[in-house]
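Structure below is protein.json: JSON, C-alpha atoms.
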[["chain", "number", "residue", "atom", "x", "y", "z"],
["A", 116, "MET", "CA", 148.84, 172.51, 56.49],
["A", 117, "LYS", "CA", 145.25, 171.38, 56.05],
["A", 118, "LYS", "CA", 143.56, 169.60, 58.94],
["A", 119, "ASN", "CA", 143.80, 166.25, 57.18],
["A", 120, "GLY", "CA", 147.56, 166.71, 56.73],
["A", 121, "LEU", "CA", 150.32, 165.39, 58.96],
["A", 122, "LYS", "CA", 149.78, 163.45, 62.15],
["A", 123, "PHE", "CA", 152.39, 164.99, 64.43],
["A", 124, "LYS", "CA", 152.28, 162.25, 67.05],
["A", 125, "ILE", "CA", 152.90, 159.31, 64.70],
["A", 126, "PHE", "CA", 156.55, 158.33, 65.00],
["A", 127, "SER", "CA", 156.74, 154.85, 63.50],
["A", 128, "THR", "CA", 158.17, 155.90, 60.16],
["A", 129, "LEU", "CA", 160.22, 158.61, 61.82],
["A", 130, "ILE", "CA", 161.98, 156.00, 63.93],
["A", 131, "LEU", "CA", 162.82, 154.08, 60.75],
["A", 132, "VAL", "CA", 164.42, 157.21, 59.36],
["A", 133, "ILE", "CA", 166.41, 157.58, 62.59],
["A", 134, "VAL", "CA", 167.79, 154.05, 62.22],
["A", 135, "LEU", "CA", 168.71, 154.59, 58.57],
["A", 136, "PHE", "CA", 170.26, 157.91, 59.41],
["A", 137, "LEU", "CA", 172.40, 156.32, 62.11],
["A", 138, "CYS", "CA", 173.66, 153.67, 59.72],
["A", 139, "PHE", "CA", 174.87, 156.15, 57.09],
["A", 140, "ASN", "CA", 175.81, 159.19, 59.16],
["A", 141, "ILE", "CA", 178.07, 157.92, 61.95],
["A", 142, "THR", "CA", 180.77, 160.53, 61.34],
["A", 143, "SER", "CA", 178.30, 163.38, 61.52],
["A", 144, "ILE", "CA", 176.99, 162.02, 64.83],
["A", 145, "PHE", "CA", 180.45, 162.12, 66.35],
["A", 146, "ALA", "CA", 180.89, 165.65, 65.05],
["A", 147, "LEU", "CA", 177.64, 166.69, 66.70],
["A", 148, "GLU", "CA", 178.63, 165.11, 70.03],
["A", 149, "GLU", "CA", 181.87, 167.08, 70.01],
["A", 150, "THR", "CA", 180.03, 170.41, 69.73],
["A", 151, "SER", "CA", 180.64, 172.38, 72.90],
["A", 152, "THR", "CA", 177.90, 173.67, 75.17],
["A", 153, "THR", "CA", 179.06, 177.22, 74.54],
["A", 154, "GLU", "CA", 178.73, 176.84, 70.77],
["A", 155, "THR", "CA", 175.26, 175.34, 71.16],
["A", 156, "ASN", "CA", 174.11, 178.21, 73.37],
["A", 157, "GLN", "CA", 175.43, 180.75, 70.88],
["A", 158, "VAL", "CA", 173.52, 179.08, 68.04],
["A", 159, "GLU", "CA", 170.32, 179.05, 70.10],
["A", 160, "GLU", "CA", 170.70, 182.72, 70.99],
["A", 161, "GLU", "CA", 171.26, 183.70, 67.34],
["A", 162, "ALA", "CA", 168.29, 181.59, 66.23],
["A", 163, "SER", "CA", 166.08, 183.29, 68.83],
["A", 164, "GLU", "CA", 167.10, 186.75, 67.61],
["A", 165, "ASN", "CA", 166.37, 185.85, 63.98],
["A", 166, "ALA", "CA", 163.20, 183.83, 64.67],
["A", 167, "LEU", "CA", 160.72, 183.66, 61.81],
["A", 168, "PRO", "CA", 156.95, 183.69, 62.38],
["A", 169, "PRO", "CA", 155.34, 180.24, 62.77],
["A", 170, "GLU", "CA", 153.26, 180.66, 59.62],
["A", 171, "THR", "CA", 156.43, 180.79, 57.51],
["A", 172, "VAL", "CA", 156.18, 178.10, 54.79],
["A", 173, "LEU", "CA", 159.01, 175.55, 54.96],
["A", 174, "ALA", "CA", 157.82, 173.32, 52.14],
["A", 175, "SER", "CA", 154.99, 173.23, 49.64],
["A", 176, "PHE", "CA", 153.93, 170.34, 47.44],
["A", 177, "GLY", "CA", 150.72, 170.04, 45.45],
["A", 178, "THR", "CA", 148.01, 171.74, 47.43],
["A", 179, "GLN", "CA", 149.77, 171.18, 50.75],
["A", 180, "THR", "CA", 152.28, 173.15, 52.80],
["A", 181, "ILE", "CA", 154.36, 172.61, 55.93],
["A", 182, "THR", "CA", 154.83, 175.69, 58.08],
["A", 183, "LEU", "CA", 157.60, 176.49, 60.52],
["A", 184, "GLY", "CA", 155.12, 176.22, 63.39],
["A", 185, "GLU", "CA", 154.03, 172.74, 62.33],
["A", 186, "PHE", "CA", 157.63, 171.64, 61.93],
["A", 187, "ASN", "CA", 158.63, 173.03, 65.35],
["A", 188, "GLN", "CA", 155.67, 171.25, 66.96],
["A", 189, "LEU", "CA", 157.04, 167.91, 65.75],
["A", 190, "TRP", "CA", 160.68, 168.81, 66.41],
["A", 191, "GLU", "CA", 159.91, 169.62, 70.06],
["A", 192, "GLN", "CA", 158.36, 166.18, 70.53],
["A", 193, "ILE", "CA", 161.56, 164.39, 69.50],
["A", 194, "PRO", "CA", 163.69, 163.35, 72.53],
["A", 195, "ASP", "CA", 166.94, 165.31, 72.90],
["A", 196, "ASN", "CA", 169.12, 162.22, 72.47],
["A", 197, "TYR", "CA", 167.54, 161.63, 69.04],
["A", 198, "LYS", "CA", 168.07, 165.22, 68.04],
["A", 199, "LEU", "CA", 171.82, 164.65, 68.29],
["A", 200, "GLN", "CA", 171.44, 161.99, 65.62],
["A", 201, "LEU", "CA", 169.13, 163.86, 63.24],
["A", 202, "THR", "CA", 169.17, 166.93, 61.04],
["A", 203, "LYS", "CA", 166.17, 169.16, 60.57],
["A", 204, "ASP", "CA", 166.38, 168.43, 56.83],
["A", 205, "THR", "CA", 165.86, 164.74, 57.58],
["A", 206, "VAL", "CA", 162.83, 165.41, 59.77],
["A", 207, "LEU", "CA", 161.29, 167.76, 57.23],
["A", 208, "GLU", "CA", 161.81, 165.16, 54.51],
["A", 209, "GLN", "CA", 160.04, 162.63, 56.70],
["A", 210, "MET", "CA", 157.09, 164.97, 57.21],
["A", 211, "ILE", "CA", 156.80, 165.44, 53.45],
["A", 212, "THR", "CA", 156.99, 161.66, 52.89],
["A", 213, "GLU", "CA", 154.24, 160.96, 55.45],
["A", 214, "SER", "CA", 152.02, 163.61, 53.94],
["A", 215, "LEU", "CA", 152.48, 162.28, 50.42],
["A", 216, "LEU", "CA", 151.75, 158.73, 51.55],
["A", 217, "LEU", "CA", 148.64, 159.88, 53.39],
["A", 218, "GLN", "CA", 147.40, 161.80, 50.35],
["A", 219, "GLU", "CA", 148.01, 158.82, 48.11],
["A", 220, "ALA", "CA", 146.02, 156.59, 50.47],
["A", 221, "LYS", "CA", 143.13, 159.05, 50.23],
["A", 222, "ASP", "CA", 143.44, 159.41, 46.46],
["A", 223, "ILE", "CA", 143.05, 155.67, 45.90],
["A", 224, "GLY", "CA", 139.99, 155.59, 48.14],
["A", 225, "LEU", "CA", 141.32, 153.92, 51.27],
["A", 226, "GLU", "CA", 139.31, 156.34, 53.43],
["A", 227, "GLN", "CA", 136.18, 154.56, 52.27],
["A", 228, "ASP", "CA", 137.62, 151.05, 52.20],
["A", 229, "LYS", "CA", 135.43, 148.69, 54.24],
["A", 230, "ASP", "CA", 138.33, 146.92, 55.98],
["A", 231, "VAL", "CA", 140.02, 150.23, 56.80],
["A", 232, "LEU", "CA", 136.82, 151.68, 58.22],
["A", 233, "GLU", "CA", 136.33, 148.59, 60.41],
["A", 234, "GLU", "CA", 139.87, 148.90, 61.75],
["A", 235, "ILE", "CA", 139.37, 152.62, 62.40],
["A", 236, "GLN", "CA", 136.13, 151.87, 64.25],
["A", 237, "GLU", "CA", 137.81, 149.20, 66.39],
["A", 238, "LEU", "CA", 140.71, 151.52, 67.17],
["A", 239, "THR", "CA", 138.34, 154.34, 68.02],
["A", 240, "GLU", "CA", 136.42, 152.13, 70.44],
["A", 241, "GLN", "CA", 139.64, 150.97, 72.09],
["A", 242, "ILE", "CA", 140.84, 154.55, 72.51],
["A", 243, "LEU", "CA", 137.51, 155.60, 74.01],
["A", 244, "ILE", "CA", 137.53, 152.75, 76.54],
["A", 245, "GLN", "CA", 141.18, 153.35, 77.40],
["A", 246, "THR", "CA", 140.59, 157.07, 77.89],
["A", 247, "LEU", "CA", 137.54, 156.39, 80.06],
["A", 248, "ILE", "CA", 139.56, 154.10, 82.31],
["A", 249, "GLU", "CA", 142.45, 156.57, 82.48],
["A", 250, "ARG", "CA", 140.23, 159.53, 83.42],
["A", 251, "GLU", "CA", 137.71, 157.81, 85.66],
["A", 252, "ILE", "CA", 140.01, 155.35, 87.43],
["A", 253, "LEU", "CA", 143.75, 155.79, 86.91],
["A", 254, "GLU", "CA", 143.70, 159.56, 87.35],
["A", 255, "LYS", "CA", 141.16, 159.62, 90.18],
["A", 256, "VAL", "CA", 142.09, 156.64, 92.35],
["A", 257, "LYS", "CA", 144.75, 157.57, 94.90],
["A", 258, "ILE", "CA", 146.10, 155.99, 98.06],
["A", 259, "SER", "CA", 145.69, 158.31, 101.04],
["A", 260, "ASP", "CA", 148.16, 158.71, 103.89],
["A", 261, "GLU", "CA", 145.55, 157.17, 106.19],
["A", 262, "GLU", "CA", 145.32, 154.05, 104.03],
["A", 263, "THR", "CA", 149.08, 153.76, 103.87],
["A", 264, "GLU", "CA", 149.44, 154.08, 107.64],
["A", 265, "LYS", "CA", 146.63, 151.58, 108.27],
["A", 266, "TYR", "CA", 148.27, 149.00, 105.99],
["A", 267, "TYR", "CA", 151.63, 149.59, 107.64],
["A", 268, "THR", "CA", 150.19, 149.07, 111.12],
["A", 269, "GLU", "CA", 148.23, 145.97, 110.18],
["A", 270, "ASN", "CA", 151.16, 144.39, 108.33],
["A", 271, "ILE", "CA", 154.07, 145.55, 110.46],
["A", 272, "SER", "CA", 155.61, 142.08, 110.44],
["A", 273, "ASN", "CA", 156.19, 142.41, 106.69],
["A", 274, "PHE", "CA", 158.52, 145.33, 107.33],
["A", 275, "ILE", "CA", 160.75, 143.68, 109.90],
["A", 276, "GLU", "CA", 164.22, 142.79, 108.72],
["A", 277, "LYS", "CA", 165.29, 139.83, 110.80],
["A", 278, "GLU", "CA", 168.63, 139.58, 112.51],
["A", 279, "GLN", "CA", 171.46, 138.75, 110.12],
["A", 280, "VAL", "CA", 175.00, 137.46, 110.37],
["A", 281, "HIS", "CA", 177.82, 137.42, 107.83],
["A", 282, "LEU", "CA", 178.59, 133.73, 107.71],
["A", 283, "PHE", "CA", 181.70, 131.76, 106.75],
["A", 284, "ASN", "CA", 181.54, 127.99, 106.44],
["A", 285, "ILE", "CA", 184.00, 125.11, 106.12],
["A", 286, "LEU", "CA", 182.37, 121.81, 105.15],
["A", 287, "VAL", "CA", 184.13, 118.42, 105.12],
["A", 288, "GLU", "CA", 182.97, 114.83, 104.88],
["A", 289, "THR", "CA", 184.36, 113.32, 108.10],
["A", 290, "GLU", "CA", 184.50, 114.40, 111.69],
["A", 291, "GLU", "CA", 188.21, 113.52, 111.73],
["A", 292, "GLU", "CA", 188.90, 116.04, 108.95],
["A", 293, "ALA", "CA", 186.84, 118.65, 110.77],
["A", 294, "GLN", "CA", 188.71, 118.06, 114.01],
["A", 295, "ASN", "CA", 192.05, 118.46, 112.27],
["A", 296, "ILE", "CA", 190.97, 121.74, 110.66],
["A", 297, "LEU", "CA", 189.57, 123.04, 113.95],
["A", 298, "GLU", "CA", 192.95, 122.45, 115.61],
["A", 299, "GLN", "CA", 194.70, 124.38, 112.83],
["A", 300, "LEU", "CA", 192.27, 127.26, 113.23],
["A", 301, "LYS", "CA", 192.88, 127.39, 116.97],
["A", 302, "ASN", "CA", 196.59, 127.59, 116.20],
["A", 303, "GLY", "CA", 196.06, 130.71, 114.10],
["A", 304, "ILE", "CA", 195.58, 129.42, 110.53],
["A", 305, "ASP", "CA", 193.47, 131.83, 108.44],
["A", 306, "PHE", "CA", 189.85, 130.63, 108.13],
["A", 307, "SER", "CA", 189.40, 131.71, 104.49],
["A", 308, "GLU", "CA", 192.64, 130.17, 103.34],
["A", 309, "ILE", "CA", 191.91, 126.78, 104.83],
["A", 310, "ALA", "CA", 188.33, 126.97, 103.53],
["A", 311, "LYS", "CA", 189.66, 127.42, 99.99],
["A", 312, "GLU", "CA", 191.99, 124.47, 100.46],
["A", 313, "LYS", "CA", 189.89, 121.98, 102.41],
["A", 314, "SER", "CA", 186.18, 122.83, 102.22],
["A", 315, "THR", "CA", 183.92, 120.81, 99.94],
["A", 316, "GLY", "CA", 181.08, 123.34, 100.16],
["A", 317, "PRO", "CA", 179.99, 125.57, 97.24],
["A", 318, "SER", "CA", 181.49, 128.63, 98.96],
["A", 319, "ALA", "CA", 185.01, 127.16, 99.10],
["A", 320, "ALA", "CA", 186.32, 129.30, 96.23],
["A", 321, "GLN", "CA", 185.17, 132.40, 98.13],
["A", 322, "GLY", "CA", 187.00, 131.34, 101.29],
["A", 323, "GLY", "CA", 183.81, 129.89, 102.77],
["A", 324, "ASP", "CA", 182.00, 133.24, 102.50],
["A", 325, "LEU", "CA", 178.22, 132.69, 102.40],
["A", 326, "GLY", "CA", 177.38, 136.38, 102.78],
["A", 327, "LEU", "CA", 174.58, 137.69, 104.96],
["A", 328, "VAL", "CA", 172.22, 135.06, 106.34],
["A", 329, "SER", "CA", 168.90, 135.96, 107.98],
["A", 330, "LYS", "CA", 167.25, 134.14, 110.85],
["A", 331, "GLY", "CA", 164.93, 131.50, 109.52],
["A", 332, "ALA", "CA", 166.79, 131.18, 106.22],
["A", 333, "ILE", "CA", 169.16, 128.37, 107.12],
["A", 334, "ILE", "CA", 168.87, 124.87, 108.58],
["A", 335, "PRO", "CA", 168.17, 124.82, 112.35],
["A", 336, "GLU", "CA", 171.38, 123.00, 113.35],
["A", 337, "ILE", "CA", 173.48, 125.81, 111.89],
["A", 338, "GLU", "CA", 171.15, 128.69, 112.79],
["A", 339, "GLU", "CA", 171.23, 127.75, 116.47],
["A", 340, "VAL", "CA", 175.02, 127.99, 116.47],
["A", 341, "ILE", "CA", 175.70, 131.05, 114.32],
["A", 342, "PHE", "CA", 173.23, 133.39, 116.03],
["A", 343, "ALA", "CA", 174.75, 132.54, 119.39],
["A", 344, "LEU", "CA", 178.32, 132.85, 118.11],
["A", 345, "GLU", "CA", 180.46, 135.90, 118.86],
["A", 346, "VAL", "CA", 181.88, 137.93, 115.99],
["A", 347, "ASP", "CA", 185.20, 136.56, 114.65],
["A", 348, "LYS", "CA", 184.95, 133.47, 116.87],
["A", 349, "VAL", "CA", 185.09, 129.94, 115.42],
["A", 350, "SER", "CA", 182.40, 127.43, 116.28],
["A", 351, "GLU", "CA", 182.83, 123.87, 117.40],
["A", 352, "ILE", "CA", 182.11, 121.13, 114.85],
["A", 353, "VAL", "CA", 178.47, 121.06, 113.71],
["A", 354, "LYS", "CA", 177.08, 117.88, 112.12],
["A", 355, "THR", "CA", 174.31, 118.11, 109.50],
["A", 356, "ASP", "CA", 173.05, 115.90, 106.67],
["A", 357, "PHE", "CA", 175.59, 117.64, 104.42],
["A", 358, "GLY", "CA", 178.62, 116.72, 106.51],
["A", 359, "PHE", "CA", 180.68, 118.37, 109.24],
["A", 360, "HIS", "CA", 180.83, 122.16, 109.50],
["A", 361, "ILE", "CA", 183.08, 124.70, 111.14],
["A", 362, "LEU", "CA", 181.45, 128.12, 111.24],
["A", 363, "LYS", "CA", 182.50, 131.69, 111.77],
["A", 364, "ILE", "CA", 180.71, 135.06, 111.59],
["A", 365, "SER", "CA", 182.35, 138.38, 110.78],
["A", 366, "ASP", "CA", 179.40, 140.68, 111.52],
["A", 367, "LYS", "CA", 176.02, 140.78, 113.27],
["A", 368, "ILE", "CA", 173.14, 143.01, 112.14],
["A", 369, "PRO", "CA", 170.33, 143.30, 114.68],
["A", 370, "GLU", "CA", 166.68, 142.98, 113.77],
["A", 371, "ILE", "CA", 165.17, 146.28, 112.60],
["A", 372, "THR", "CA", 161.70, 147.49, 111.68],
["A", 373, "LYS", "CA", 161.57, 149.76, 108.65],
["A", 374, "THR", "CA", 159.82, 153.08, 109.21],
["A", 375, "LEU", "CA", 156.62, 154.07, 107.46],
["A", 376, "GLU", "CA", 158.51, 156.62, 105.37],
["A", 377, "GLU", "CA", 160.96, 153.95, 104.22],
["A", 378, "VAL", "CA", 158.22, 151.65, 102.95],
["A", 379, "LYS", "CA", 155.56, 154.16, 101.91],
["A", 380, "GLU", "CA", 156.20, 153.79, 98.16],
["A", 381, "GLU", "CA", 156.25, 150.01, 98.51],
["A", 382, "ILE", "CA", 152.85, 150.11, 100.24],
["A", 383, "VAL", "CA", 151.37, 152.40, 97.60],
["A", 384, "THR", "CA", 152.65, 150.07, 94.88],
["A", 385, "THR", "CA", 150.89, 147.20, 96.64],
["A", 386, "LEU", "CA", 147.59, 148.96, 97.34],
["A", 387, "LEU", "CA", 147.08, 151.05, 94.20],
["A", 388, "PRO", "CA", 146.41, 148.22, 91.71],
["A", 389, "LEU", "CA", 143.96, 146.62, 94.15],
["A", 390, "LYS", "CA", 142.09, 149.88, 94.65],
["A", 391, "GLN", "CA", 142.05, 150.57, 90.91],
["A", 392, "GLN", "CA", 140.62, 147.11, 90.27],
["A", 393, "GLU", "CA", 137.93, 147.72, 92.89],
["A", 394, "ALA", "CA", 137.06, 151.04, 91.23],
["A", 395, "PHE", "CA", 136.90, 149.37, 87.81],
["A", 396, "ASP", "CA", 134.64, 146.60, 89.12],
["A", 397, "ALA", "CA", 132.40, 149.19, 90.78],
["A", 398, "LEU", "CA", 132.16, 151.17, 87.54],
["A", 399, "VAL", "CA", 131.19, 148.08, 85.55],
["A", 400, "GLU", "CA", 128.59, 147.07, 88.15],
["A", 401, "ASP", "CA", 127.12, 150.57, 88.13],
["A", 402, "LEU", "CA", 126.84, 150.54, 84.35],
["A", 403, "LYS", "CA", 125.17, 147.13, 84.44],
["A", 404, "SER", "CA", 122.72, 148.24, 87.14],
["A", 405, "ARG", "CA", 121.58, 151.11, 84.90],
["A", 406, "THR", "CA", 121.04, 148.86, 81.89],
["A", 407, "GLU", "CA", 118.67, 145.97, 81.29],
["A", 408, "ILE", "CA", 120.81, 143.08, 80.05],
["A", 409, "GLN", "CA", 119.22, 140.02, 78.45],
["A", 410, "ILE", "CA", 121.27, 136.99, 77.52],
["A", 411, "ASN", "CA", 120.06, 134.19, 75.27],
["A", 412, "GLU", "CA", 121.52, 131.27, 77.22],
["A", 413, "GLU", "CA", 120.30, 128.73, 74.70],
["A", 414, "ALA", "CA", 122.13, 130.45, 71.83],
["A", 415, "LEU", "CA", 125.20, 130.77, 73.98],
["A", 416, "GLN", "CA", 125.60, 126.99, 74.32]]
Once you've parsed the file, please lay out its structure as structure tokens.
Amino acid sequence: MKKNGLKFKIFSTLILVIVLFLCFNITSIFALEETSTTETNQVEEEASENALPPETVLASFGTQTITLGEFNQLWEQIPDNYKLQLTKDTVLEQMITESLLLQEAKDIGLEQDKDVLEEIQELTEQILIQTLIEREILEKVKISDEETEKYYTENISNFIEKEQVHLFNILVETEEEAQNILEQLKNGIDFSEIAKEKSTGPSAAQGGDLGLVSKGAIIPEIEEVIFALEVDKVSEIVKTDFGFHILKISDKIPEITKTLEEVKEEIVTTLLPLKQQEAFDALVEDLKSRTEIQINEEALQ
């Protein structure tokens, strides 16, 4: 096809065709999905043996043509999951449609339309700036192992997972109720069952299960008790502003410090945007330093 023919990387209208195709070709999609891997491989092998040269003309219309090579270039860009939902006839028809629309736009003079030219100019400028940033900053700025290790060392406290306990809680309004429940627990009544029945706390439906609780994440009156409590032991009654608690823990997880390898990606994710911003600011400052900039402050008001 001529140079001013199809734009192989423009998929907006192609996606519309995909949606329409899905709506009216559901049965054929299911048939495609049922095709076995063996059958697919056989088809591919046969196609390879009978391959036509890329300059083979697939379609011609007016002064334009679509070759097999041009078609394959677009077909290869379509994700595999879409290919299951398309036929090559549909894609070729879309290529013809786009080409005809493009030619019509040219025939009615849109190439020279003032508004179109302004939009093209704006888009061109945006693409140039974006490409400059990608090549000079995004592709060049990297976080070194030394920077990662330095950040890890200087911020080691951020990578400490504090001691945790798996906490169960029974909450009641009066000390008398709490005392009665505590006696039942000492006599062997299941903690979760009595929590479901008697507790007024939000975890009652879960048998009092509050999950893992880290040091520093719960009120001091309770934290002091639970981190000193032995696993599977029941606490004495603890009074807080919420009422009277009876506590139990089913597991203790000691404090650990994550290794550098464990948090390396997290550190890079933190540092990279900052370093990229610094590189961008430096680029802008360099450009300004090499250019005399005059601003009419009075006109700016």
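Taking all atoms listed in the file into account, Glu345 in chain A lies nearest to A:Val280 out of the set A:Leu173, A:Val280, A:Glu380, A:Ala397.
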Excluding Thr263 in chain A and any residue of its chain fewer than 6 positions from it, enumerate the residues within 8 Å of it, using all atoms listed in the file, and give them as an MDAnalysis selection string. chainID A and resid 379 382:383
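If you look at CA of Ser307 in chain A and CA of Gly323 in chain A, they are 6.1 Å away from each other.
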Skip range 311-313 of chain A itself and residues of its chain fewer than 4 positions away, then list as a PyMOL selection string all residues within 6 Å of it, counting all atoms listed in the file. chain A and resi 319-320+322
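The closest residue to Glu290 in chain A, picked from A:Glu351, A:Glu377, A:Asp228, A:Glu191 and counting only C-alpha atoms, is A:Glu351.
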Which residue is closest to Ala166 in chain A? Choose from A:Leu300, A:Leu325, A:Leu183, A:Gln294 and count all atoms listed in the file. A:Leu183
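Put simply, CA of Ala394 in chain A is 19.3 Å away from CA of Gln241 in chain A.
Look at Gln279 in chain A: the protein and nucleic acid residues within 10 Å of it, using all atoms listed in the file and passing over chain neighbours fewer than 2 places away, are A:Glu276, A:Lys277, A:His281, A:Leu282, A:Gly326, A:Leu327, A:Val328, A:Ser329, A:Lys330, A:Gly331, A:Ala332, A:Ile341, A:Phe342, A:Asp366, A:Lys367, A:Ile368, A:Pro369, A:Glu370.
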Of the listed residues A:Ile275, A:Ile252, A:Asp222, A:Glu264, that which approaches Pro388 in chain A most closely, counting only C-alpha atoms: A:Ile252
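The closest residue to Thr289 in chain A, picked from A:Thr315, A:Ser272, A:Gln245, A:Thr202 and counting only C-alpha atoms, is A:Thr315.
Using all atoms listed in the file, the shortest contact distance between Met210 in chain A and any of A:Ser175, A:Gln299, A:Asn196, A:Gln392 is found at A:Ser175.
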Could you pull the residues within 8 Å of Ile181 in chain A, counting all atoms listed in the file, minus those fewer than 3 positions along the same chain, as a ChimeraX atom specification? /A:116,172-175,185-186,211
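Here CA of Thr180 in chain A and CA of Asp204 in chain A stand 15.4 Å from one another.
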All file atoms of range 267-280 of chain A boxed axis-aligned, 6 Å per side, centre plus edges, as JSON:
{"center_x": 161.6, "center_y": 143.5, "center_z": 109.6, "size_x": 38.8, "size_y": 24.1, "size_z": 17.8}
Compile the contact shell of Asp396 in chain A as a list in words: residues with an atom at most 12 Å away, counting only C-alpha atoms, same-chain residues fewer than 6 positions apart removed. Ile248, Ile252, Leu389, Lys390, Leu402 and Lys403 of chain A
